[in-house]
$ cat query.cif   # mmCIF, C-alpha atoms and all ligand atoms
data_model
#
loop_
_atom_site.label_atom_id
_atom_site.label_comp_id
_atom_site.auth_asym_id
_atom_site.auth_seq_id
_atom_site.Cartn_x
_atom_site.Cartn_y
_atom_site.Cartn_z
CA MET C 1 0.43 -22.07 -37.10
CA LYS C 2 1.83 -18.81 -38.34
CA PRO C 3 3.43 -16.74 -35.57
CA THR C 4 0.62 -14.17 -35.66
CA LEU C 5 -2.03 -16.86 -35.28
CA MET C 6 -0.04 -18.42 -32.47
CA SER C 7 0.12 -15.07 -30.70
CA ALA C 8 -3.60 -14.56 -31.18
CA ALA C 9 -4.29 -18.03 -29.78
CA ILE C 10 -2.10 -17.42 -26.75
CA LEU C 11 -3.78 -14.06 -26.17
CA ALA C 12 -7.23 -15.68 -26.41
CA ILE C 13 -6.23 -18.38 -23.94
CA SER C 14 -4.79 -15.89 -21.47
CA LEU C 15 -7.97 -13.80 -21.70
CA LEU C 16 -10.04 -16.91 -21.00
CA LEU C 17 -7.91 -17.89 -18.03
CA GLY C 18 -7.93 -14.39 -16.67
CA THR C 19 -5.08 -12.37 -15.31
CA PRO C 20 -3.02 -13.99 -12.59
CA SER C 21 -3.93 -12.16 -9.37
CA ALA C 22 -1.93 -9.72 -7.25
CA GLU C 23 1.21 -9.57 -9.42
CA ALA C 24 -0.44 -8.22 -12.54
CA HIS C 25 -2.10 -5.09 -11.25
CA ALA C 26 -2.03 -2.36 -8.65
CA LYS C 27 0.65 -2.82 -6.10
CA LYS C 28 2.27 -0.75 -3.46
CA GLU C 29 5.24 0.84 -5.17
CA ALA C 30 6.86 2.68 -2.31
CA THR C 31 6.18 3.72 1.23
CA GLN C 32 7.18 6.55 3.50
CA PRO C 33 8.89 5.69 5.76
CA ALA C 34 10.49 2.91 3.73
CA ASP C 35 9.81 -0.62 4.96
CA GLY C 36 12.40 -1.43 7.61
CA ALA C 37 13.55 2.17 8.01
CA VAL C 38 15.14 3.25 11.28
CA LEU C 39 14.32 6.90 12.00
CA GLU C 40 15.73 9.30 14.54
CA ILE C 41 12.59 11.41 14.69
CA SER C 42 8.87 10.87 14.41
CA PRO C 43 7.89 10.79 10.71
CA SER C 44 5.93 13.76 9.38
CA ALA C 45 3.82 11.54 7.13
CA ILE C 46 2.81 7.96 6.52
CA ALA C 47 2.55 7.57 2.76
CA LEU C 48 1.98 4.91 0.12
CA ARG C 49 2.45 5.21 -3.63
CA PHE C 50 0.48 2.93 -5.95
CA ASP C 51 0.81 2.19 -9.66
CA MET C 52 -2.92 2.79 -10.15
CA PRO C 53 -5.47 4.78 -8.14
CA MET C 54 -6.43 3.06 -4.91
CA ARG C 55 -9.27 3.74 -2.54
CA VAL C 56 -7.64 3.06 0.81
CA THR C 57 -10.44 1.62 2.90
CA LEU C 58 -8.47 1.03 6.06
CA ILE C 59 -5.12 2.08 7.42
CA SER C 60 -3.76 1.54 10.88
CA LEU C 61 -0.57 2.35 12.74
CA THR C 62 0.27 0.22 15.74
CA ASP C 63 3.32 0.10 17.97
CA GLN C 64 5.20 -2.87 19.45
CA ASP C 65 2.62 -3.17 22.24
CA GLY C 66 -0.25 -3.28 19.78
CA THR C 67 -1.40 0.20 20.71
CA ALA C 68 -3.04 2.01 17.79
CA HIS C 69 -2.00 5.58 16.92
CA ASP C 70 -4.53 7.63 15.00
CA LEU C 71 -3.63 8.83 11.52
CA THR C 72 -5.14 11.98 10.05
CA ARG C 73 -6.14 11.32 6.46
CA THR C 74 -6.40 13.88 3.69
CA ASP C 75 -7.69 11.67 0.85
CA ASN C 76 -11.41 11.87 1.75
CA MET C 77 -11.61 8.13 0.96
CA GLN C 78 -11.16 8.89 -2.75
CA PRO C 79 -8.98 6.77 -5.07
CA VAL C 80 -5.44 8.15 -5.03
CA SER C 81 -2.10 7.17 -6.51
CA GLU C 82 -0.33 8.76 -3.59
CA PHE C 83 -1.89 8.22 -0.21
CA SER C 84 -0.66 10.27 2.71
CA ALA C 85 -1.73 10.55 6.33
CA THR C 86 -0.30 12.43 9.27
CA PRO C 87 0.63 10.58 12.45
CA PRO C 88 0.81 12.17 15.90
CA GLU C 89 4.25 12.81 17.41
CA LEU C 90 5.44 9.26 18.02
CA PRO C 91 7.78 8.10 20.78
CA THR C 92 10.68 5.74 20.10
CA GLY C 93 9.51 2.25 19.29
CA GLN C 94 8.66 -0.17 16.54
CA TYR C 95 5.69 0.51 14.34
CA THR C 96 3.65 -1.38 11.81
CA VAL C 97 1.36 0.15 9.20
CA GLN C 98 -1.37 -2.08 7.82
CA TRP C 99 -3.65 -1.08 4.99
CA ARG C 100 -6.45 -2.36 2.82
CA GLY C 101 -7.70 -0.85 -0.39
CA LEU C 102 -9.76 -1.25 -3.50
CA ALA C 103 -7.78 -0.76 -6.70
CA ALA C 104 -9.19 1.08 -9.72
CA ASP C 105 -9.57 -2.29 -11.50
CA GLY C 106 -11.83 -3.51 -8.70
CA HIS C 107 -9.36 -5.79 -6.97
CA PRO C 108 -9.11 -5.67 -3.18
CA MET C 109 -5.53 -5.16 -2.05
CA GLN C 110 -3.76 -5.14 1.27
CA GLY C 111 -0.31 -4.81 2.69
CA ALA C 112 1.82 -3.87 5.63
CA PHE C 113 5.18 -2.32 6.36
CA SER C 114 7.24 -1.55 9.43
CA PHE C 115 9.64 1.07 10.68
CA GLU C 116 11.42 1.96 13.87
CA ILE C 117 12.06 5.18 15.71
CA SER C 118 15.31 5.00 17.63
CA LYS C 119 17.07 7.94 19.21
CU CU J 1 -6.13 -5.73 -9.98
#
$ encode --input "query.cif" --output "structure tokens" --more "lines below"
Ligand SMILES: [Cu+2]
Amino acid sequence: MKPTLMSAAILAISLLLGTPSAEAHAKKEATQPADGAVLEISPSAIALRFDMPMRVTLISLTDQDGTAHDLTRTDNMQPVSEFSATPPELPTGQYTVQWRGLAADGHPMQGAFSFEISK
């Protein structure tokens, strides 16, 4: 086959097989605080940046005892590339943020990250 035909054939096959999941589309690009961060003060925001708009359907912040801390959202449940929510003043401890979302391409996504507040 000529190279162009070969490319076309490979493209057709990959379209038939579909896109490999999770890796190929929207992913969490960065978080605030960064995953594994050790902070000296309570963070002013809990934020996630995505490479395509994401409707965040659920986000939770829990401490080392499993106690949930309410986050105040500002996204109105709309798809956003930059999600941000405000936590209450948090005491020292270890925290985990868990989220679920629906990407603009229709794929459900989820993830988690952790940080610590240590004085
Ligand atoms: Cu996707």
$ atom_distance --input "query.cif" --atom1 "CA of Gly106 in chain C" --atom2 "CA of Leu61 in chain C"
24.9 Å
$ closest_residue --input "query.cif" --among "C:Ser42, C:Gln98, C:Ala103, C:Arg55" --to "Thr86 in chain C" --atoms "only C-alpha atoms"
C:Ser42
$ atom_distance --input "query.cif" --atom1 "CA of Val38 in chain C" --atom2 "CA of Ser118 in chain C"
6.6 Å
$ closest_residue --input "query.cif" --among "C:Pro53, C:Glu116, C:Gly111, C:Val80" --to "ligand CU 1 (chain J)" --atoms "all atoms listed in the file"
C:Pro53
$ residues_near_point --input "query.cif" --point "(-0.9, 0.7, 6.7)" --cutoff "10 Å" --atoms "all atoms listed in the file" --output "PyMOL selection string"
chain C and resi 31+46-48+56+58-62+71+85+96-101+110-114
$ atom_distance --input "query.cif" --atom1 "CA of Gly66 in chain C" --atom2 "CA of Phe50 in chain C"
26.5 Å
$ closest_residue --input "query.cif" --among "C:His107, C:Lys119, C:Arg49, C:Arg73" --to "ligand CU 1 (chain J)" --atoms "only C-alpha atoms and all ligand atoms"
C:His107
$ closest_residue --input "query.cif" --among "C:Tyr95, C:Met109, C:Asp70, C:Ala104" --to "Ala37 in chain C" --atoms "only C-alpha atoms"
C:Tyr95
$ decode --input "query.cif" --residues "range 67-96 of chain C" --atoms "N, CA and C atoms" --output "short mmCIF file (atom, residue, chain, number, x, y, z; two decimals), in the first residue's frame"
data_model
loop_
_atom_site.label_atom_id
_atom_site.label_comp_id
_atom_site.auth_asym_id
_atom_site.auth_seq_id
_atom_site.Cartn_x
_atom_site.Cartn_y
_atom_site.Cartn_z
N THR C 67 -14.26 13.04 58.25
CA THR C 67 -15.25 14.10 58.40
C THR C 67 -15.29 14.97 57.15
N ALA C 68 -16.48 15.21 56.62
CA ALA C 68 -16.62 16.04 55.43
C ALA C 68 -16.65 17.52 55.79
N HIS C 69 -16.00 18.33 54.97
CA HIS C 69 -16.01 19.79 55.14
C HIS C 69 -16.66 20.39 53.90
N ASP C 70 -17.68 21.18 54.12
CA ASP C 70 -18.45 21.72 53.00
C ASP C 70 -17.64 22.68 52.15
N LEU C 71 -17.80 22.56 50.84
CA LEU C 71 -17.16 23.47 49.90
C LEU C 71 -18.24 24.36 49.29
N THR C 72 -17.93 25.64 49.15
CA THR C 72 -18.86 26.56 48.51
C THR C 72 -18.48 26.69 47.05
N ARG C 73 -19.38 26.25 46.18
CA ARG C 73 -19.11 26.25 44.74
C ARG C 73 -19.54 27.55 44.09
N THR C 74 -18.89 27.88 42.99
CA THR C 74 -19.27 29.09 42.25
C THR C 74 -19.58 28.77 40.79
N ASP C 75 -19.55 27.49 40.42
CA ASP C 75 -19.69 27.11 39.00
C ASP C 75 -21.14 26.90 38.57
N ASN C 76 -22.09 26.93 39.52
CA ASN C 76 -23.50 26.70 39.19
C ASN C 76 -23.72 25.40 38.42
N MET C 77 -22.87 24.41 38.66
CA MET C 77 -22.98 23.10 38.00
C MET C 77 -22.87 23.21 36.48
N GLN C 78 -22.22 24.25 35.99
CA GLN C 78 -22.02 24.39 34.54
C GLN C 78 -20.65 23.81 34.17
N PRO C 79 -20.48 23.40 32.90
CA PRO C 79 -19.17 22.91 32.47
C PRO C 79 -18.12 24.03 32.56
N VAL C 80 -17.01 23.73 33.18
CA VAL C 80 -15.94 24.73 33.33
C VAL C 80 -14.58 24.08 33.08
N SER C 81 -13.66 24.87 32.57
CA SER C 81 -12.29 24.39 32.42
C SER C 81 -11.51 24.58 33.71
N GLU C 82 -11.95 25.58 34.48
CA GLU C 82 -11.32 25.82 35.77
C GLU C 82 -12.40 25.81 36.83
N PHE C 83 -12.37 24.77 37.65
CA PHE C 83 -13.34 24.64 38.72
C PHE C 83 -12.72 25.18 39.99
N SER C 84 -13.49 25.93 40.75
CA SER C 84 -12.97 26.43 42.02
C SER C 84 -14.07 26.44 43.06
N ALA C 85 -13.73 26.06 44.27
CA ALA C 85 -14.68 26.09 45.37
C ALA C 85 -13.94 26.58 46.61
N THR C 86 -14.68 27.17 47.51
CA THR C 86 -14.08 27.75 48.71
C THR C 86 -14.34 26.86 49.92
N PRO C 87 -13.27 26.45 50.59
CA PRO C 87 -13.45 25.64 51.80
C PRO C 87 -13.62 26.55 53.02
N PRO C 88 -14.13 26.01 54.12
CA PRO C 88 -14.12 26.77 55.37
C PRO C 88 -12.68 26.84 55.89
N GLU C 89 -12.45 27.63 56.92
CA GLU C 89 -11.13 27.66 57.56
C GLU C 89 -10.87 26.26 58.12
N LEU C 90 -9.79 25.64 57.65
CA LEU C 90 -9.53 24.25 58.02
C LEU C 90 -8.43 24.16 59.08
N PRO C 91 -8.62 23.29 60.07
CA PRO C 91 -7.55 23.06 61.04
C PRO C 91 -6.45 22.20 60.43
N THR C 92 -5.32 22.08 61.16
CA THR C 92 -4.25 21.21 60.68
C THR C 92 -4.80 19.80 60.52
N GLY C 93 -4.25 19.10 59.56
CA GLY C 93 -4.71 17.74 59.31
C GLY C 93 -4.41 17.32 57.89
N GLN C 94 -4.90 16.15 57.55
CA GLN C 94 -4.68 15.61 56.21
C GLN C 94 -6.03 15.54 55.51
N TYR C 95 -6.04 16.02 54.29
CA TYR C 95 -7.30 16.17 53.56
C TYR C 95 -7.26 15.47 52.21
N THR C 96 -8.41 14.98 51.83
CA THR C 96 -8.55 14.37 50.51
C THR C 96 -9.73 15.01 49.78
#
